[in-house]
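One file, protein_4.cif, is given below (mmCIF, C-alpha atoms; chains and numbers go by the auth columns).
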```
data_coords
#
loop_
_atom_site.group_PDB
_atom_site.id
_atom_site.type_symbol
_atom_site.label_atom_id
_atom_site.label_comp_id
_atom_site.label_asym_id
_atom_site.label_seq_id
_atom_site.Cartn_x
_atom_site.Cartn_y
_atom_site.Cartn_z
_atom_site.B_iso_or_equiv
_atom_site.auth_seq_id
_atom_site.auth_asym_id
ATOM 1 C CA MET A 1 83.200 102.776 95.663 0.00 8 A
ATOM 2 C CA ALA A 2 82.281 99.156 94.858 0.00 9 A
ATOM 3 C CA LYS A 3 83.891 96.405 96.868 0.00 10 A
ATOM 4 C CA GLY A 4 86.365 93.883 95.488 0.00 11 A
ATOM 5 C CA ASP A 5 83.773 91.378 94.366 0.00 12 A
ATOM 6 C CA ILE A 6 85.485 89.862 91.294 0.00 13 A
ATOM 7 C CA VAL A 7 88.182 87.273 92.085 0.00 14 A
ATOM 8 C CA VAL A 8 90.214 85.843 89.195 0.00 15 A
ATOM 9 C CA VAL A 9 92.530 82.900 89.838 0.00 16 A
ATOM 10 C CA GLY A 10 95.145 81.304 87.585 0.00 17 A
ATOM 11 C CA ALA A 11 97.055 78.073 88.138 0.00 18 A
ATOM 12 C CA SER A 12 98.965 75.404 86.261 0.00 19 A
ATOM 13 C CA ALA A 13 101.156 72.517 87.494 0.00 20 A
ATOM 14 C CA GLY A 14 100.388 71.833 91.163 0.00 21 A
ATOM 15 C CA GLY A 15 97.387 74.093 90.895 0.00 22 A
ATOM 16 C CA ILE A 16 94.654 71.657 91.890 0.00 23 A
ATOM 17 C CA ILE A 17 96.130 71.238 95.358 0.00 24 A
ATOM 18 C CA ALA A 18 96.488 75.006 95.729 0.00 25 A
ATOM 19 C CA LEU A 19 92.936 75.628 94.499 0.00 26 A
ATOM 20 C CA VAL A 20 91.533 73.090 96.959 0.00 27 A
ATOM 21 C CA GLU A 21 93.423 74.759 99.810 0.00 28 A
ATOM 22 C CA LEU A 22 92.161 78.179 98.724 0.00 29 A
ATOM 23 C CA LEU A 23 88.513 77.083 98.421 0.00 30 A
ATOM 24 C CA LYS A 24 88.646 75.220 101.751 0.00 31 A
ATOM 25 C CA SER A 25 89.626 78.448 103.465 0.00 32 A
ATOM 26 C CA ILE A 26 86.801 80.614 102.066 0.00 33 A
ATOM 27 C CA PRO A 27 83.955 81.184 104.557 0.00 34 A
ATOM 28 C CA THR A 28 80.330 80.261 103.830 0.00 35 A
ATOM 29 C CA ASP A 29 79.051 83.829 103.513 0.00 36 A
ATOM 30 C CA PHE A 30 81.528 84.780 100.780 0.00 37 A
ATOM 31 C CA VAL A 31 79.661 86.836 98.167 0.00 38 A
ATOM 32 C CA ALA A 32 82.271 87.583 95.495 0.00 39 A
ATOM 33 C CA SER A 33 82.272 85.830 92.123 0.00 40 A
ATOM 34 C CA VAL A 34 85.327 83.624 91.545 0.00 41 A
ATOM 35 C CA PHE A 35 86.739 82.778 88.098 0.00 42 A
ATOM 36 C CA VAL A 36 89.324 80.018 87.706 0.00 43 A
ATOM 37 C CA VAL A 37 91.662 79.146 84.852 0.00 44 A
ATOM 38 C CA LEU A 38 93.730 75.982 85.267 0.00 45 A
ATOM 39 C CA HIS A 39 95.893 74.585 82.495 0.00 46 A
ATOM 40 C CA LEU A 40 94.549 71.138 81.605 0.00 47 A
ATOM 41 C CA PRO A 41 95.040 68.826 78.608 0.00 48 A
ATOM 42 C CA ALA A 42 92.836 70.031 75.765 0.00 49 A
ATOM 43 C CA TYR A 43 90.804 66.889 75.194 0.00 50 A
ATOM 44 C CA SER A 44 90.507 65.407 78.672 0.00 51 A
ATOM 45 C CA PRO A 45 87.159 65.749 80.497 0.00 52 A
ATOM 46 C CA SER A 46 87.363 68.115 83.453 0.00 53 A
ATOM 47 C CA VAL A 47 85.932 67.193 86.846 0.00 54 A
ATOM 48 C CA LEU A 48 87.468 70.257 88.468 0.00 55 A
ATOM 49 C CA PRO A 49 84.091 71.840 89.346 0.00 56 A
ATOM 50 C CA GLU A 50 83.163 68.709 91.305 0.00 57 A
ATOM 51 C CA ILE A 51 86.538 68.677 93.081 0.00 58 A
ATOM 52 C CA LEU A 52 86.293 72.343 94.034 0.00 59 A
ATOM 53 C CA SER A 53 82.640 72.090 95.085 0.00 60 A
ATOM 54 C CA ARG A 54 83.579 69.309 97.511 0.00 61 A
ATOM 55 C CA ALA A 55 86.583 71.270 98.787 0.00 62 A
ATOM 56 C CA GLY A 56 84.681 74.161 100.323 0.00 63 A
ATOM 57 C CA GLU A 57 81.364 75.893 100.816 0.00 64 A
ATOM 58 C CA LEU A 58 81.055 77.477 97.361 0.00 65 A
ATOM 59 C CA ASN A 59 79.485 75.771 94.376 0.00 66 A
ATOM 60 C CA ALA A 60 81.746 75.469 91.309 0.00 67 A
ATOM 61 C CA VAL A 61 80.512 75.115 87.725 0.00 68 A
ATOM 62 C CA HIS A 62 81.620 75.167 84.101 0.00 69 A
ATOM 63 C CA PRO A 63 79.863 78.311 82.843 0.00 70 A
ATOM 64 C CA ILE A 64 77.699 78.485 79.746 0.00 71 A
ATOM 65 C CA ASP A 65 78.815 81.058 77.190 0.00 72 A
ATOM 66 C CA GLY A 66 77.007 84.334 77.829 0.00 73 A
ATOM 67 C CA GLU A 67 75.555 83.596 81.246 0.00 74 A
ATOM 68 C CA VAL A 68 75.153 86.426 83.733 0.00 75 A
ATOM 69 C CA VAL A 69 77.737 86.678 86.525 0.00 76 A
ATOM 70 C CA LYS A 70 76.312 85.688 89.907 0.00 77 A
ATOM 71 C CA PRO A 71 77.811 86.282 93.367 0.00 78 A
ATOM 72 C CA GLY A 72 79.081 83.429 95.527 0.00 79 A
ATOM 73 C CA LEU A 73 79.761 81.109 92.590 0.00 80 A
ATOM 74 C CA VAL A 74 83.027 79.639 91.272 0.00 81 A
ATOM 75 C CA TYR A 75 83.262 79.659 87.465 0.00 82 A
ATOM 76 C CA VAL A 76 85.784 77.105 86.187 0.00 83 A
ATOM 77 C CA CYS A 77 87.101 77.414 82.652 0.00 84 A
ATOM 78 C CA PRO A 78 86.473 74.280 80.545 0.00 85 A
ATOM 79 C CA PRO A 79 89.518 72.702 78.843 0.00 86 A
ATOM 80 C CA ASP A 80 90.661 74.167 75.509 0.00 87 A
ATOM 81 C CA HIS A 81 88.532 77.331 75.865 0.00 88 A
ATOM 82 C CA HIS A 82 89.190 80.855 77.071 0.00 89 A
ATOM 83 C CA LEU A 83 87.215 82.353 79.958 0.00 90 A
ATOM 84 C CA ILE A 84 86.529 86.045 79.335 0.00 91 A
ATOM 85 C CA LEU A 85 84.518 88.663 81.229 0.00 92 A
ATOM 86 C CA GLU A 86 82.506 91.141 79.193 0.00 93 A
ATOM 87 C CA GLY A 87 80.052 93.450 80.892 0.00 94 A
ATOM 88 C CA ASN A 88 78.194 91.381 83.474 0.00 95 A
ATOM 89 C CA ARG A 89 78.525 88.152 81.482 0.00 96 A
ATOM 90 C CA VAL A 90 80.930 85.221 81.285 0.00 97 A
ATOM 91 C CA LEU A 91 82.114 84.294 77.817 0.00 98 A
ATOM 92 C CA VAL A 92 83.492 80.839 76.991 0.00 99 A
ATOM 93 C CA LYS A 93 85.287 81.023 73.657 0.00 100 A
ATOM 94 C CA LYS A 94 87.570 78.773 71.649 0.00 101 A
ATOM 95 C CA GLY A 95 89.678 81.608 70.298 0.00 102 A
ATOM 96 C CA PRO A 96 93.332 81.455 69.247 0.00 103 A
ATOM 97 C CA LYS A 97 95.892 80.382 71.811 0.00 104 A
ATOM 98 C CA GLU A 98 97.593 83.167 73.717 0.00 105 A
ATOM 99 C CA ASN A 99 101.261 82.585 74.479 0.00 106 A
ATOM 100 C CA ASN A 100 100.643 78.941 73.517 0.00 107 A
ATOM 101 C CA PHE A 101 97.898 78.627 76.135 0.00 108 A
ATOM 102 C CA ARG A 102 94.181 77.903 75.802 0.00 109 A
ATOM 103 C CA PRO A 103 92.800 78.589 78.313 0.00 110 A
ATOM 104 C CA SER A 104 94.941 81.634 79.017 0.00 111 A
ATOM 105 C CA ILE A 105 95.214 83.058 82.519 0.00 112 A
ATOM 106 C CA ASP A 106 96.351 86.371 81.044 0.00 113 A
ATOM 107 C CA ALA A 107 93.214 86.625 78.874 0.00 114 A
ATOM 108 C CA LEU A 108 90.916 86.186 81.887 0.00 115 A
ATOM 109 C CA PHE A 109 92.858 88.598 84.094 0.00 116 A
ATOM 110 C CA ARG A 110 93.115 91.257 81.408 0.00 117 A
ATOM 111 C CA SER A 111 89.399 91.133 80.554 0.00 118 A
ATOM 112 C CA ALA A 112 88.479 91.364 84.247 0.00 119 A
ATOM 113 C CA ALA A 113 90.824 94.305 84.778 0.00 120 A
ATOM 114 C CA TYR A 114 89.399 96.280 81.862 0.00 121 A
ATOM 115 C CA VAL A 115 85.761 95.555 82.741 0.00 122 A
ATOM 116 C CA TYR A 116 85.834 95.760 86.547 0.00 123 A
ATOM 117 C CA GLY A 117 88.993 97.768 87.361 0.00 124 A
ATOM 118 C CA THR A 118 89.386 98.336 91.085 0.00 125 A
ATOM 119 C CA ARG A 119 86.814 95.647 91.924 0.00 126 A
ATOM 120 C CA VAL A 120 89.208 92.893 90.775 0.00 127 A
ATOM 121 C CA ILE A 121 91.323 90.664 93.020 0.00 128 A
ATOM 122 C CA GLY A 122 93.839 88.685 90.965 0.00 129 A
ATOM 123 C CA ILE A 123 95.573 85.547 92.260 0.00 130 A
ATOM 124 C CA VAL A 124 98.408 83.538 90.693 0.00 131 A
ATOM 125 C CA LEU A 125 98.989 80.074 92.163 0.00 132 A
ATOM 126 C CA SER A 126 101.428 77.220 91.548 0.00 133 A
ATOM 127 C CA GLY A 127 102.566 76.625 87.971 0.00 134 A
ATOM 128 C CA LEU A 128 105.328 76.501 85.406 0.00 135 A
ATOM 129 C CA LEU A 129 106.340 79.179 82.887 0.00 136 A
ATOM 130 C CA ASN A 130 104.848 82.679 82.972 0.00 137 A
ATOM 131 C CA ASP A 131 101.129 82.667 82.155 0.00 138 A
ATOM 132 C CA GLY A 132 99.411 85.094 84.526 0.00 139 A
ATOM 133 C CA THR A 133 102.223 87.627 84.783 0.00 140 A
ATOM 134 C CA SER A 134 101.037 90.131 82.182 0.00 141 A
ATOM 135 C CA GLY A 135 97.432 89.625 83.276 0.00 142 A
ATOM 136 C CA LEU A 136 98.235 90.345 86.914 0.00 143 A
ATOM 137 C CA TRP A 137 100.229 93.365 85.758 0.00 144 A
ATOM 138 C CA SER A 138 97.041 94.650 84.097 0.00 145 A
ATOM 139 C CA VAL A 139 95.053 94.034 87.282 0.00 146 A
ATOM 140 C CA LYS A 140 97.601 96.050 89.258 0.00 147 A
ATOM 141 C CA ARG A 141 97.785 98.859 86.690 0.00 148 A
ATOM 142 C CA LEU A 142 94.010 99.304 86.659 0.00 149 A
ATOM 143 C CA GLY A 143 93.734 99.503 90.424 0.00 150 A
ATOM 144 C CA GLY A 144 92.935 95.924 91.460 0.00 151 A
ATOM 145 C CA VAL A 145 94.501 93.890 94.260 0.00 152 A
ATOM 146 C CA THR A 146 97.270 91.432 93.355 0.00 153 A
ATOM 147 C CA ILE A 147 98.050 88.217 95.247 0.00 154 A
ATOM 148 C CA ILE A 148 100.459 85.343 94.623 0.00 155 A
ATOM 149 C CA GLN A 149 100.875 82.030 96.349 0.00 156 A
ATOM 150 C CA GLU A 150 104.011 82.272 98.468 0.00 157 A
ATOM 151 C CA PRO A 151 106.654 80.563 96.287 0.00 158 A
ATOM 152 C CA ALA A 152 107.796 78.330 99.152 0.00 159 A
ATOM 153 C CA ASP A 153 104.187 77.103 99.510 0.00 160 A
ATOM 154 C CA ALA A 154 103.776 76.253 95.807 0.00 161 A
ATOM 155 C CA ASP A 155 104.600 72.828 94.378 0.00 162 A
ATOM 156 C CA PHE A 156 105.830 74.622 91.258 0.00 163 A
ATOM 157 C CA PRO A 157 106.873 78.185 92.173 0.00 164 A
ATOM 158 C CA ASN A 158 107.789 79.373 88.661 0.00 165 A
ATOM 159 C CA MET A 159 104.567 81.298 87.986 0.00 166 A
ATOM 160 C CA PRO A 160 104.549 83.197 91.309 0.00 167 A
ATOM 161 C CA LEU A 161 108.285 83.885 91.003 0.00 168 A
ATOM 162 C CA ASN A 162 107.865 85.203 87.476 0.00 169 A
ATOM 163 C CA VAL A 163 105.138 87.562 88.677 0.00 170 A
ATOM 164 C CA LEU A 164 107.511 88.949 91.304 0.00 171 A
ATOM 165 C CA GLU A 165 109.948 89.977 88.583 0.00 172 A
ATOM 166 C CA TYR A 166 107.444 92.310 86.942 0.00 173 A
ATOM 167 C CA VAL A 167 104.663 93.142 89.402 0.00 174 A
ATOM 168 C CA LYS A 168 104.823 94.744 92.841 0.00 175 A
ATOM 169 C CA VAL A 169 102.260 92.396 94.379 0.00 176 A
ATOM 170 C CA ASP A 170 100.087 93.400 97.300 0.00 177 A
ATOM 171 C CA HIS A 171 100.176 90.013 99.067 0.00 178 A
ATOM 172 C CA SER A 172 102.326 86.869 98.933 0.00 179 A
ATOM 173 C CA ILE A 173 100.772 84.223 101.193 0.00 180 A
ATOM 174 C CA ARG A 174 100.034 80.515 101.516 0.00 181 A
ATOM 175 C CA ALA A 175 97.060 79.183 99.594 0.00 182 A
ATOM 176 C CA SER A 176 95.431 78.001 102.827 0.00 183 A
ATOM 177 C CA ASP A 177 95.489 81.578 104.185 0.00 184 A
ATOM 178 C CA MET A 178 93.907 83.209 101.149 0.00 185 A
ATOM 179 C CA GLY A 179 90.281 82.682 102.191 0.00 186 A
ATOM 180 C CA LEU A 180 90.504 84.947 105.216 0.00 187 A
ATOM 181 C CA LEU A 181 92.379 87.562 103.212 0.00 188 A
ATOM 182 C CA LEU A 182 89.737 87.457 100.483 0.00 189 A
ATOM 183 C CA LYS A 183 86.985 87.809 103.057 0.00 190 A
ATOM 184 C CA GLN A 184 88.712 90.921 104.389 0.00 191 A
ATOM 185 C CA LEU A 185 89.297 92.385 100.930 0.00 192 A
ATOM 186 C CA THR A 186 85.706 91.840 99.812 0.00 193 A
ATOM 187 C CA THR A 187 84.357 93.732 102.817 0.00 194 A
ATOM 188 C CA GLU A 188 86.593 96.757 102.187 0.00 195 A
ATOM 189 C CA ARG A 189 85.730 99.558 99.833 0.00 196 A
ATOM 190 C CA ALA A 190 87.620 99.383 96.554 0.00 197 A
ATOM 191 C CA SER A 191 90.364 101.931 95.952 0.00 198 A
ATOM 192 C CA LYS A 192 89.921 104.861 93.590 0.00 199 A
ATOM 193 C CA LYS A 193 90.408 104.164 89.902 0.00 200 A
ATOM 194 C CA PRO A 194 93.923 105.209 88.817 0.00 201 A
ATOM 195 C CA LYS A 195 94.170 108.017 86.283 0.00 202 A
ATOM 196 C CA LEU A 196 95.673 106.692 83.054 0.00 203 A
ATOM 197 C CA SER A 197 96.299 108.468 79.784 0.00 204 A
ATOM 198 C CA LYS A 198 94.735 107.228 76.534 0.00 205 A
ATOM 199 C CA GLU A 199 98.124 105.829 75.573 0.00 206 A
ATOM 200 C CA GLU A 200 98.257 103.776 78.778 0.00 207 A
ATOM 201 C CA LEU A 201 94.833 102.200 78.284 0.00 208 A
#
```
Output the file's structure in the form of structure tokens.
Amino acid sequence: MAKGDIVVVGASAGGIIALVELLKSIPTDFVASVFVVLHLPAYSPSVLPEILSRAGELNAVHPIDGEVVKPGLVYVCPPDHHLILEGNRVLVKKGPKENNFRPSIDALFRSAAYVYGTRVIGIVLSGLLNDGTSGLWSVKRLGGVTIIQEPADADFPNMPLNVLEYVKVDHSIRASDMGLLLKQLTTERASKKPKLSKEEL
């Protein structure tokens, strides 16, 4: 079985600090592809790729619509666009808002879960409201690994706490400890794909 080589991360308020801590903790030889959605004002320029590139060993970029997914790269969603995975490509689309969000964490997580299944590792970090909950539920249902930032470690614990109400998460840990966990998960063989009926898909 393929390894968990697709990491999807969602964050909102307080998320930049958590993302920096996460990226700082990832080792140099990390080979998974990382996809990040952070809620930002729609019309403000984003320097998040520069911030995250300086934080750790991985290079972070705003992807171009349709580009092929590459290992060891952090793809950061540009403001006011959705980040979607389709086949082996990254799509950057200005579609309708989902749950009042664009970008939507749920949209990224759900697309990753349906395309990559058991290869997906989903992470919900600090934030307000509930974006990320249904997406992480999809990751779990389709056999991926689910992680939340430990609520006590988050500046705004609402998003991780909301996940806990609906998803039996695999790991709840501090952002600064996630790199080592991800390294471990990406060297393990992925679990078997769960058997779902047509109605469940």
request  = Would you please work out which residue, of A:Ser183, A:Asn66, A:Ser60, A:Ser118, is nearest to Ile24 of chain A when using only C-alpha atoms?
outcome  =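 Closest to Ile24 of chain A, using only C-alpha atoms: A:Ser183.
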Per-residue nearest contacts of segment 98-121 of chain A to segment 129-147 of chain A (9 Å; all atoms listed in the file) as a Markdown table:
```
| residue | atom | partner | partner_atom | distance |
| --- | --- | --- | --- | --- |
| A:Asn106 | CA | A:Asp138 | CA | 7.7 |
| A:Phe108 | CA | A:Asp138 | CA | 7.9 |
| A:Ser111 | CA | A:Asp138 | CA | 7.0 |
| A:Ile112 | CA | A:Gly139 | CA | 5.1 |
| A:Asp113 | CA | A:Gly142 | CA | 4.1 |
| A:Ala114 | CA | A:Gly142 | CA | 6.8 |
| A:Leu115 | CA | A:Gly142 | CA | 7.5 |
| A:Phe116 | CA | A:Gly142 | CA | 4.8 |
| A:Arg117 | CA | A:Gly142 | CA | 5.0 |
| A:Ser118 | CA | A:Gly142 | CA | 8.6 |
| A:Ala119 | CA | A:Val146 | CA | 7.7 |
| A:Ala120 | CA | A:Val146 | CA | 4.9 |
| A:Tyr121 | CA | A:Ser145 | CA | 8.1 |
```
message = Residue by residue, what does the PyMOL selection byres ((chain A and resi 77) around 10) grab here? Present the result as a ChimeraX atom specification.
response = /A:38-41,74-76,78-82,95-97
ask   = Could you write out as an NGL selection string the residues that the PyMOL selection byres ((chain A and resi 54) around 12) matches in the shown file?
value = :A and (23 or 45 or 47 or 51-53 or 55-61 or 67-69 or 83-86)
task = May I ask for the distance between atom CA of Val43 of chain A and atom CA of Lys100 of chain A, given in Å to one decimal place?
result =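 Between atom CA of Val43 of chain A and atom CA of Lys100 of chain A the gap is 14.7 Å.
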request  = For the structure shown, which residues end up in the PyMOL selection byres ((chain A and resi 109) around 7)? Put them as a list of chain:residue names, please?
outcome  =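 Matching residues under the PyMOL selection byres ((chain A and resi 109) around 7) are A:Asp87, A:His88, A:His89, A:Lys104, A:Glu105, A:Asn107, A:Phe108, A:Pro110, A:Ser111.
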request  = Work out how far atom CA of Ile13 of chain A is from atom CA of Lys190 of chain A, in Å to one decimal.
outcome  = 12.0 Å
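Here atom CA of Thr193 of chain A and atom CA of Lys10 of chain A stand 5.7 Å from one another.
Nearest residue to Asp177 of chain A, choosing from A:Thr194, A:Asn165, A:Thr153, A:Ser32 and counting all atoms listed in the file: A:Thr153.
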For segment 169-182 of chain A, I'd like the enclosing box, axis-aligned and padded by 3 Å on every side, reported as AutoDock Vina command-line options with centre and edge lengths in Å to one decimal.
```
--center_x 103.5 --center_y 87.0 --center_z 94.2 --size_x 18.9 --size_y 21.6 --size_z 20.6
```
request  = Have a look at A:Ile91, A:Ala49, A:Leu98, A:Val27 and name the one nearest to Leu65 of chain A; count only C-alpha atoms.
outcome  =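 Closest to Leu65 of chain A of all the choices is A:Val27.
Among the candidates A:Leu90, A:Ala161, A:Leu171, A:Val122, the one nearest to Leu149 of chain A when counting all atoms listed in the file is A:Val122.
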key: Selected residue, from A:Pro167, A:Pro34, A:Gly17, A:Gly73, that lies nearest to Leu187 of chain A when counting only C-alpha atoms   = A:Pro34
task = Go through A:Ala62, A:Val176, A:Val15, A:Ala20 and flag the residue nearest Ile33 of chain A, using only C-alpha atoms for the distances.
result =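 Smallest distance to Ile33 of chain A is found for A:Ala62.
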Some atoms are missing, so please complete segment 165-175 of chain A with all heavy atoms and return it as a compact mmCIF listing (two decimals), in the frame of the given file.
```txt
# COMPACT_ATOMS: atom_id res chain seq x y z
N ASN A 165 107.35 78.55 89.79
CA ASN A 165 107.79 79.37 88.66
C ASN A 165 106.83 80.52 88.35
O ASN A 165 107.26 81.65 88.12
CB ASN A 165 107.95 78.51 87.41
CG ASN A 165 108.91 77.36 87.61
OD1 ASN A 165 108.65 76.49 88.45
ND2 ASN A 165 110.00 77.32 86.87
N MET A 166 105.52 80.24 88.32
CA MET A 166 104.57 81.30 87.99
C MET A 166 104.56 82.41 89.03
O MET A 166 104.67 83.59 88.67
CB MET A 166 103.16 80.73 87.76
CG MET A 166 103.02 80.13 86.37
SD MET A 166 101.38 79.52 85.84
CE MET A 166 100.23 80.07 87.04
N PRO A 167 104.47 82.11 90.33
CA PRO A 167 104.55 83.20 91.31
C PRO A 167 105.88 83.96 91.25
O PRO A 167 105.90 85.19 91.37
CB PRO A 167 104.38 82.48 92.65
CG PRO A 167 103.62 81.24 92.33
CD PRO A 167 104.11 80.83 90.97
N LEU A 168 106.98 83.23 91.07
CA LEU A 168 108.28 83.88 91.00
C LEU A 168 108.39 84.80 89.79
O LEU A 168 108.97 85.89 89.87
CB LEU A 168 109.41 82.84 90.96
CG LEU A 168 109.69 82.11 92.28
CD1 LEU A 168 110.67 80.97 92.06
CD2 LEU A 168 110.24 83.08 93.33
N ASN A 169 107.82 84.37 88.67
CA ASN A 169 107.86 85.20 87.48
C ASN A 169 107.06 86.48 87.67
O ASN A 169 107.46 87.55 87.23
CB ASN A 169 107.34 84.43 86.26
CG ASN A 169 107.74 85.09 84.96
OD1 ASN A 169 108.88 85.02 84.53
ND2 ASN A 169 106.79 85.78 84.34
N VAL A 170 105.92 86.37 88.37
CA VAL A 170 105.14 87.56 88.68
C VAL A 170 105.98 88.56 89.47
O VAL A 170 105.96 89.77 89.19
CB VAL A 170 103.87 87.19 89.47
CG1 VAL A 170 103.21 88.45 90.04
CG2 VAL A 170 102.88 86.43 88.60
N LEU A 171 106.72 88.06 90.45
CA LEU A 171 107.51 88.95 91.30
C LEU A 171 108.55 89.75 90.54
O LEU A 171 108.98 90.82 90.99
CB LEU A 171 108.19 88.14 92.41
CG LEU A 171 107.29 87.63 93.54
CD1 LEU A 171 108.07 86.74 94.49
CD2 LEU A 171 106.67 88.80 94.30
N GLU A 172 108.96 89.25 89.38
CA GLU A 172 109.95 89.98 88.58
C GLU A 172 109.36 91.22 87.94
O GLU A 172 110.08 92.16 87.62
CB GLU A 172 110.52 89.07 87.49
CG GLU A 172 111.45 87.98 87.99
CD GLU A 172 112.13 87.26 86.85
OE1 GLU A 172 112.47 87.94 85.84
OE2 GLU A 172 112.32 86.04 86.94
N TYR A 173 108.05 91.23 87.73
CA TYR A 173 107.44 92.31 86.94
C TYR A 173 106.33 93.07 87.65
O TYR A 173 105.93 94.14 87.20
CB TYR A 173 106.88 91.73 85.64
CG TYR A 173 107.92 91.10 84.76
CD1 TYR A 173 108.16 89.72 84.80
CD2 TYR A 173 108.71 91.88 83.91
CE1 TYR A 173 109.14 89.14 84.00
CE2 TYR A 173 109.69 91.31 83.11
CZ TYR A 173 109.90 89.94 83.16
OH TYR A 173 110.87 89.38 82.37
N VAL A 174 105.81 92.52 88.73
CA VAL A 174 104.66 93.14 89.40
C VAL A 174 104.98 93.32 90.89
O VAL A 174 105.44 92.38 91.55
CB VAL A 174 103.39 92.28 89.26
CG1 VAL A 174 102.19 92.97 89.92
CG2 VAL A 174 103.09 91.97 87.80
N LYS A 175 104.71 94.51 91.41
CA LYS A 175 104.82 94.74 92.84
C LYS A 175 103.52 94.26 93.48
O LYS A 175 102.54 95.00 93.59
CB LYS A 175 105.06 96.23 93.13
CG LYS A 175 105.34 96.51 94.60
CD LYS A 175 105.64 97.98 94.82
CE LYS A 175 105.93 98.25 96.30
NZ LYS A 175 106.20 99.69 96.56
```
